[in-house]
Amino acid sequence: MRYYVVSDPHAFCTLLKTTLESVGFFRDKTPHKLIICGDLMDRGPETIEMQNFVLDLMKKDEVILIKGNHEDLLVDFIEKDKWAWLPHHVRNGTIETALDLAGCGEDAPICNTEEFLKKVSESPFFKYIIPKMLDYYETEKYIFVHGYIPCYCTDGKEYSYFSDWRNAPSKMWEQARWLNGMLVNRSVKEYGKTIVCGHFHTSYGHSIFNEDGAEFGLDANFSPYYADGIIAIDGCTAYSGIINCVIIEDEPIPDVVEENTVVVKDDYVLR
């Protein structure tokens, strides 16, 4: 199987399509899938376009979706936080995405909060796409996640391996989606596998560990970051205008593929 892997497109749908076109995704006649390692929305201008593009890929069974921390933010906003963390949701783009999904003007949350939240919760993105997102996807040689695999953390500084990470509770997975994989990888690895992750700008690894440019600025390097046991691919799209795509050839694990297959027909998801 050939996997085209991207992460953190953040509602820059045109750029995502252009990137996939440039690497031959749409012209590929061999068995292939797109893996998106989380953060489909927030920060970019094309929320509805991204939603429709992903739905189309789901109809064709051409995509594997990994949940990102920004998907968690939207779920928390609708189901848990409501307005309790408003500055946090504004800063991360959750409010703007919710407005786009609801088709509301900027004053909608103030004028009719319940109707606004109901519209967001009934959007295809919230109702069909997010529920099909995985904590991780695994092939024979690779593990695809958003931030990193769940691990133990002491004082926010020291990381250690958690052997049963595949069965980690949801809270650990939510925390893992906020991790800087390039940093954690220095002490935590899944031996025999390469972890492919997004979430944190790759210029961090190039700058801090490879002394290759600054994290931000004219000499920042936002290309994929490769090290022992990791490929990090978040190109910090909203800042750099780059979406990285790596192409990986590997064999799927049959049980995982069958379990997470989804067929979308019109406005319904058939499980």
# chains A, B, ... in the order shown; residues from 1 in each chain; ligands from 1
$ select_by_dssp --residues "range 47-240 of chain A" --states "strand (DSSP E or B)" --output "ChimeraX atom specification"
/A:63-66,134,137-139,142-144,152-154,158-160,194-197,225-227,230-232
$ residues_around --residues "Ile243 in chain A" --least-positions-apart "4" --cutoff "10 Å" --atoms "only C-alpha atoms" --output "list in words"
Val6, Ser7, Asp8, Pro9, His10, Phe12, Leu15, Leu16, Lys17, Thr18, Thr19, Leu20, Phe222, Ser223, Pro224, Ile233, Asp234, Gly235, Cys236, Thr237 and Ala238 of chain A
$ write_last_selection --atoms "all heavy atoms" --output "compact mmCIF listing (two decimals), in the first residue's frame"
# COMPACT_ATOMS: atom_id res chain seq x y z
N VAL A 6 0.00 13.61 5.29
CA VAL A 6 0.07 15.04 5.59
C VAL A 6 -0.41 15.25 7.02
O VAL A 6 -0.97 14.34 7.65
CB VAL A 6 -0.79 15.88 4.62
CG1 VAL A 6 -0.34 15.68 3.18
CG2 VAL A 6 -2.27 15.54 4.76
N SER A 7 -0.23 16.46 7.52
CA SER A 7 -0.72 16.77 8.86
C SER A 7 -0.99 18.26 8.96
O SER A 7 -0.40 19.07 8.24
CB SER A 7 0.31 16.36 9.92
OG SER A 7 -0.25 16.50 11.22
N ASP A 8 -1.91 18.60 9.84
CA ASP A 8 -2.18 20.01 10.18
C ASP A 8 -2.48 20.90 8.97
O ASP A 8 -1.88 21.97 8.83
CB ASP A 8 -1.00 20.57 10.97
CG ASP A 8 -0.71 19.82 12.24
OD1 ASP A 8 -0.09 18.74 12.18
OD2 ASP A 8 -1.11 20.30 13.32
N PRO A 9 -3.41 20.51 8.11
CA PRO A 9 -3.75 21.40 6.99
C PRO A 9 -4.53 22.63 7.41
O PRO A 9 -4.58 23.62 6.66
CB PRO A 9 -4.56 20.50 6.06
CG PRO A 9 -5.15 19.46 6.96
CD PRO A 9 -4.12 19.21 8.01
N HIS A 10 -5.17 22.61 8.58
CA HIS A 10 -5.79 23.78 9.20
C HIS A 10 -6.66 24.61 8.24
O HIS A 10 -6.55 25.84 8.18
CB HIS A 10 -4.72 24.67 9.82
CG HIS A 10 -4.20 24.15 11.13
ND1 HIS A 10 -4.98 24.08 12.26
CD2 HIS A 10 -2.97 23.67 11.47
CE1 HIS A 10 -4.27 23.58 13.26
NE2 HIS A 10 -3.04 23.31 12.81
N PHE A 12 -6.67 24.98 5.09
CA PHE A 12 -6.07 25.49 3.86
C PHE A 12 -6.28 24.41 2.79
O PHE A 12 -5.35 23.70 2.40
CB PHE A 12 -4.59 25.80 4.06
CG PHE A 12 -4.35 27.03 4.90
CD1 PHE A 12 -4.22 26.93 6.28
CD2 PHE A 12 -4.29 28.28 4.31
CE1 PHE A 12 -4.01 28.05 7.06
CE2 PHE A 12 -4.08 29.43 5.09
CZ PHE A 12 -3.94 29.31 6.46
N LEU A 15 -4.48 24.69 -0.76
CA LEU A 15 -3.06 24.35 -0.64
C LEU A 15 -2.89 22.85 -0.48
O LEU A 15 -1.97 22.25 -1.06
CB LEU A 15 -2.44 25.08 0.56
CG LEU A 15 -0.97 24.82 0.82
CD1 LEU A 15 -0.12 25.19 -0.39
CD2 LEU A 15 -0.50 25.58 2.06
N LEU A 16 -3.77 22.21 0.28
CA LEU A 16 -3.69 20.76 0.44
C LEU A 16 -3.88 20.05 -0.90
O LEU A 16 -3.12 19.15 -1.26
CB LEU A 16 -4.75 20.28 1.44
CG LEU A 16 -4.87 18.76 1.62
CD1 LEU A 16 -3.55 18.15 2.09
CD2 LEU A 16 -5.99 18.42 2.59
N LYS A 17 -4.89 20.47 -1.66
CA LYS A 17 -5.13 19.86 -2.96
C LYS A 17 -3.95 20.10 -3.91
O LYS A 17 -3.56 19.20 -4.66
CB LYS A 17 -6.42 20.41 -3.57
CG LYS A 17 -7.69 19.96 -2.88
CD LYS A 17 -8.91 20.56 -3.58
CE LYS A 17 -10.20 20.09 -2.95
NZ LYS A 17 -11.39 20.68 -3.63
N THR A 18 -3.40 21.29 -3.88
CA THR A 18 -2.25 21.60 -4.74
C THR A 18 -1.06 20.73 -4.38
O THR A 18 -0.35 20.22 -5.26
CB THR A 18 -1.88 23.09 -4.59
OG1 THR A 18 -2.99 23.90 -4.98
CG2 THR A 18 -0.68 23.43 -5.47
N THR A 19 -0.84 20.54 -3.08
CA THR A 19 0.25 19.69 -2.62
C THR A 19 0.06 18.25 -3.09
O THR A 19 0.99 17.62 -3.60
CB THR A 19 0.36 19.73 -1.09
OG1 THR A 19 0.60 21.08 -0.67
CG2 THR A 19 1.49 18.84 -0.60
N LEU A 20 -1.15 17.74 -2.92
CA LEU A 20 -1.44 16.36 -3.33
C LEU A 20 -1.33 16.20 -4.84
O LEU A 20 -0.86 15.17 -5.34
CB LEU A 20 -2.83 15.96 -2.85
CG LEU A 20 -3.00 15.86 -1.32
CD1 LEU A 20 -4.45 15.56 -0.96
CD2 LEU A 20 -2.08 14.79 -0.74
N PHE A 222 11.06 24.40 7.30
CA PHE A 222 9.79 23.75 7.61
C PHE A 222 9.59 22.44 6.85
O PHE A 222 8.48 21.92 6.78
CB PHE A 222 8.63 24.70 7.32
CG PHE A 222 8.57 25.88 8.25
CD1 PHE A 222 8.99 27.14 7.83
CD2 PHE A 222 8.11 25.73 9.55
CE1 PHE A 222 8.95 28.22 8.69
CE2 PHE A 222 8.06 26.81 10.42
CZ PHE A 222 8.48 28.07 9.99
N SER A 223 10.65 21.91 6.28
CA SER A 223 10.56 20.62 5.59
C SER A 223 10.42 19.49 6.61
O SER A 223 10.64 19.70 7.81
CB SER A 223 11.82 20.40 4.74
OG SER A 223 12.97 20.27 5.56
N PRO A 224 10.04 18.28 6.17
CA PRO A 224 9.93 17.17 7.13
C PRO A 224 11.22 16.95 7.91
O PRO A 224 12.33 17.09 7.38
CB PRO A 224 9.62 15.97 6.22
CG PRO A 224 8.92 16.58 5.05
CD PRO A 224 9.61 17.89 4.81
N ILE A 233 6.13 16.14 10.41
CA ILE A 233 5.76 16.73 9.12
C ILE A 233 4.94 18.02 9.20
O ILE A 233 4.54 18.55 8.16
CB ILE A 233 5.00 15.71 8.25
CG1 ILE A 233 3.72 15.23 8.94
CG2 ILE A 233 5.90 14.54 7.88
CD1 ILE A 233 2.87 14.31 8.05
N ASP A 234 4.69 18.57 10.40
CA ASP A 234 3.89 19.80 10.47
C ASP A 234 4.71 20.98 9.96
O ASP A 234 5.65 21.43 10.61
CB ASP A 234 3.44 20.04 11.91
CG ASP A 234 2.65 21.34 12.06
OD1 ASP A 234 2.27 21.93 11.02
OD2 ASP A 234 2.40 21.76 13.20
N GLY A 235 4.33 21.49 8.80
CA GLY A 235 5.05 22.61 8.19
C GLY A 235 4.62 23.97 8.68
O GLY A 235 5.01 24.98 8.10
N CYS A 236 3.83 24.03 9.76
CA CYS A 236 3.34 25.31 10.31
C CYS A 236 2.67 26.12 9.20
O CYS A 236 3.05 27.25 8.89
CB CYS A 236 4.50 26.10 10.93
SG CYS A 236 3.99 27.39 12.08
N THR A 237 1.65 25.51 8.60
CA THR A 237 1.06 25.99 7.36
C THR A 237 0.59 27.44 7.41
O THR A 237 0.84 28.20 6.47
CB THR A 237 -0.11 25.07 6.97
OG1 THR A 237 0.37 23.74 6.85
CG2 THR A 237 -0.73 25.49 5.66
N ALA A 238 -0.07 27.84 8.48
CA ALA A 238 -0.59 29.20 8.56
C ALA A 238 0.52 30.24 8.51
O ALA A 238 0.32 31.37 8.05
CB ALA A 238 -1.42 29.37 9.83
$ atom_distance --atom1 "CA of Val5 in chain A" --atom2 "CA of Thr202 in chain A"
14.8 Å
$ select_by_dssp --residues "range 60-186 of chain A" --states "alpha helix (DSSP H)" --output "PyMOL selection string"
chain A and resi 69-75+86-91+94-102+108-111+113-121+124+170-176+181-184
$ write_last_selection --atoms "C-alpha atoms" --output "PDB file, in the first residue's frame"
ATOM      1  CA  ASN A  69      -5.783  18.457  19.380  1.00  0.00           C
ATOM      2  CA  HIS A  70      -7.870  20.945  17.384  1.00  0.00           C
ATOM      3  CA  GLU A  71     -10.569  18.328  16.887  1.00  0.00           C
ATOM      4  CA  ASP A  72     -10.533  17.847  20.665  1.00  0.00           C
ATOM      5  CA  LEU A  73     -10.919  21.613  21.081  1.00  0.00           C
ATOM      6  CA  LEU A  74     -14.077  21.694  18.972  1.00  0.00           C
ATOM      7  CA  VAL A  75     -15.585  18.721  20.812  1.00  0.00           C
ATOM      8  CA  LEU A  86     -13.521  31.538  25.350  1.00  0.00           C
ATOM      9  CA  PRO A  87     -10.070  33.231  24.993  1.00  0.00           C
ATOM     10  CA  HIS A  88      -8.523  29.784  24.520  1.00  0.00           C
ATOM     11  CA  HIS A  89     -11.033  28.913  21.778  1.00  0.00           C
ATOM     12  CA  VAL A  90     -10.587  32.297  20.090  1.00  0.00           C
ATOM     13  CA  ARG A  91      -6.797  32.018  20.139  1.00  0.00           C
ATOM     14  CA  THR A  94     -12.167  27.092  17.369  1.00  0.00           C
ATOM     15  CA  ILE A  95     -14.761  29.883  17.376  1.00  0.00           C
ATOM     16  CA  GLU A  96     -14.064  30.826  13.762  1.00  0.00           C
ATOM     17  CA  THR A  97     -14.373  27.205  12.659  1.00  0.00           C
ATOM     18  CA  ALA A  98     -17.623  26.802  14.583  1.00  0.00           C
ATOM     19  CA  LEU A  99     -19.051  29.916  12.923  1.00  0.00           C
ATOM     20  CA  ASP A 100     -18.113  28.577   9.491  1.00  0.00           C
ATOM     21  CA  LEU A 101     -19.642  25.164  10.200  1.00  0.00           C
ATOM     22  CA  ALA A 102     -22.854  26.727  11.472  1.00  0.00           C
ATOM     23  CA  ALA A 108     -24.480  34.388  16.151  1.00  0.00           C
ATOM     24  CA  PRO A 109     -23.081  33.047  19.476  1.00  0.00           C
ATOM     25  CA  ILE A 110     -24.374  36.129  21.290  1.00  0.00           C
ATOM     26  CA  CYS A 111     -27.762  36.331  19.547  1.00  0.00           C
ATOM     27  CA  THR A 113     -26.270  30.492  21.437  1.00  0.00           C
ATOM     28  CA  GLU A 114     -28.280  27.273  21.533  1.00  0.00           C
ATOM     29  CA  GLU A 115     -29.184  27.395  17.857  1.00  0.00           C
ATOM     30  CA  PHE A 116     -25.547  28.128  16.992  1.00  0.00           C
ATOM     31  CA  LEU A 117     -24.246  25.156  18.989  1.00  0.00           C
ATOM     32  CA  LYS A 118     -26.929  22.901  17.521  1.00  0.00           C
ATOM     33  CA  LYS A 119     -25.928  23.841  13.974  1.00  0.00           C
ATOM     34  CA  VAL A 120     -22.271  23.091  14.690  1.00  0.00           C
ATOM     35  CA  SER A 121     -23.102  19.734  16.271  1.00  0.00           C
ATOM     36  CA  PRO A 124     -20.967  16.897   8.664  1.00  0.00           C
ATOM     37  CA  SER A 170      -8.703   8.725  26.323  1.00  0.00           C
ATOM     38  CA  LYS A 171      -7.202  11.333  28.671  1.00  0.00           C
ATOM     39  CA  MET A 172      -3.666  10.135  27.901  1.00  0.00           C
ATOM     40  CA  TRP A 173      -4.390  10.275  24.175  1.00  0.00           C
ATOM     41  CA  GLU A 174      -5.735  13.815  24.519  1.00  0.00           C
ATOM     42  CA  GLN A 175      -2.544  14.821  26.328  1.00  0.00           C
ATOM     43  CA  ALA A 176      -0.394  13.048  23.732  1.00  0.00           C
ATOM     44  CA  GLY A 181       7.067  14.619  19.124  1.00  0.00           C
ATOM     45  CA  MET A 182      10.539  15.756  18.092  1.00  0.00           C
ATOM     46  CA  LEU A 183      11.379  16.497  21.729  1.00  0.00           C
ATOM     47  CA  VAL A 184       9.731  13.423  23.249  1.00  0.00           C
TER      48      VAL A 184
END
$ residues_around --residues "His146 in chain A" --least-positions-apart "2" --cutoff "7 Å" --atoms "only C-alpha atoms" --output "ChimeraX atom specification"
/A:37-38,66-68,148,177,197-199
$ write_last_selection --atoms "N, CA and C atoms" --output "PDB file, in the first residue's frame"
ATOM      1  N   CYS A  37      -2.866  13.425   9.565  1.00  0.00           N
ATOM      2  CA  CYS A  37      -2.533  13.256  10.987  1.00  0.00           C
ATOM      3  C   CYS A  37      -3.078  14.391  11.846  1.00  0.00           C
ATOM      4  N   GLY A  38      -4.340  14.730  11.646  1.00  0.00           N
ATOM      5  CA  GLY A  38      -5.017  15.630  12.562  1.00  0.00           C
ATOM      6  C   GLY A  38      -4.994  17.099  12.193  1.00  0.00           C
ATOM      7  N   ILE A  66      -6.612  10.802  11.435  1.00  0.00           N
ATOM      8  CA  ILE A  66      -6.103  10.773  12.802  1.00  0.00           C
ATOM      9  C   ILE A  66      -6.623  12.004  13.537  1.00  0.00           C
ATOM     10  N   LYS A  67      -7.033  11.840  14.768  1.00  0.00           N
ATOM     11  CA  LYS A  67      -7.570  12.964  15.528  1.00  0.00           C
ATOM     12  C   LYS A  67      -6.439  13.859  16.037  1.00  0.00           C
ATOM     13  N   GLY A  68      -6.635  15.176  15.903  1.00  0.00           N
ATOM     14  CA  GLY A  68      -5.670  16.143  16.403  1.00  0.00           C
ATOM     15  C   GLY A  68      -6.196  16.891  17.611  1.00  0.00           C
ATOM     16  N   TYR A 148       2.200  12.642  19.504  1.00  0.00           N
ATOM     17  CA  TYR A 148       3.104  11.509  19.739  1.00  0.00           C
ATOM     18  C   TYR A 148       2.287  10.413  20.398  1.00  0.00           C
ATOM     19  N   ARG A 177      -1.753  14.332  22.176  1.00  0.00           N
ATOM     20  CA  ARG A 177      -1.966  15.131  20.974  1.00  0.00           C
ATOM     21  C   ARG A 177      -1.374  16.536  21.091  1.00  0.00           C
ATOM     22  N   CYS A 197       4.417  11.966  12.784  1.00  0.00           N
ATOM     23  CA  CYS A 197       3.572  12.848  13.593  1.00  0.00           C
ATOM     24  C   CYS A 197       3.548  14.269  13.044  1.00  0.00           C
ATOM     25  N   GLY A 198       2.582  15.027  13.534  1.00  0.00           N
ATOM     26  CA  GLY A 198       2.450  16.434  13.194  1.00  0.00           C
ATOM     27  C   GLY A 198       2.476  17.270  14.455  1.00  0.00           C
ATOM     28  N   HIS A 199       1.554  18.220  14.531  1.00  0.00           N
ATOM     29  CA  HIS A 199       1.283  19.082  15.668  1.00  0.00           C
ATOM     30  C   HIS A 199       2.309  20.180  15.894  1.00  0.00           C
TER      31      HIS A 199
END
$ residues_around --residues "Val23 in chain A" --least-positions-apart "5" --cutoff "10 Å" --atoms "only C-alpha atoms" --output "MDAnalysis selection string"
chainID A and resid 4 18 28 245:247
$ write_last_selection --atoms "C-alpha atoms" --output "PDB file, in the first residue's frame"
ATOM      1  CA  TYR A   4       0.440   9.848   1.163  1.00  0.00           C
ATOM      2  CA  THR A  18      -2.254  21.605  -4.736  1.00  0.00           C
ATOM      3  CA  ASP A  28      -2.103   7.325  -8.697  1.00  0.00           C
ATOM      4  CA  CYS A 245       3.542  15.351   2.192  1.00  0.00           C
ATOM      5  CA  VAL A 246       5.647  12.247   2.683  1.00  0.00           C
ATOM      6  CA  ILE A 247       5.018   9.111   0.649  1.00  0.00           C
TER       7      ILE A 247
END
$ residues_around --residues "range 212-219 of chain A" --least-positions-apart "2" --cutoff "10 Å" --atoms "only C-alpha atoms" --output "ChimeraX atom specification"
/A:201-210,221-222,236,239-240
$ closest_residue --among "A:Ser160, A:Phe200, A:Glu251, A:Lys189" --to "Ala227 in chain A" --atoms "only C-alpha atoms"
A:Lys189
$ decode --residues "range 161-182 of chain A" --atoms "C-alpha atoms" --output "CSV table (one decimal), in the first residue's frame"
chain,number,residue,atom,x,y,z
A,161,TYR,CA,8.0,4.9,27.7
A,162,PHE,CA,4.5,3.6,28.4
A,163,SER,CA,4.4,0.0,27.2
A,164,ASP,CA,0.6,-0.2,26.8
A,165,TRP,CA,0.2,3.1,24.9
A,166,ARG,CA,-2.1,1.5,22.3
A,167,ASN,CA,-4.7,0.9,25.0
A,168,ALA,CA,-4.1,4.2,26.8
A,169,PRO,CA,-7.2,5.9,28.3
A,170,SER,CA,-8.7,8.7,26.3
A,171,LYS,CA,-7.2,11.3,28.7
A,172,MET,CA,-3.7,10.1,27.9
A,173,TRP,CA,-4.4,10.3,24.2
A,174,GLU,CA,-5.7,13.8,24.5
A,175,GLN,CA,-2.5,14.8,26.3
A,176,ALA,CA,-0.4,13.0,23.7
A,177,ARG,CA,-2.0,15.1,21.0
A,178,TRP,CA,-0.3,18.2,22.5
A,179,LEU,CA,3.2,16.7,22.7
A,180,ASN,CA,6.2,18.0,20.7
A,181,GLY,CA,7.1,14.6,19.1
A,182,MET,CA,10.5,15.8,18.1
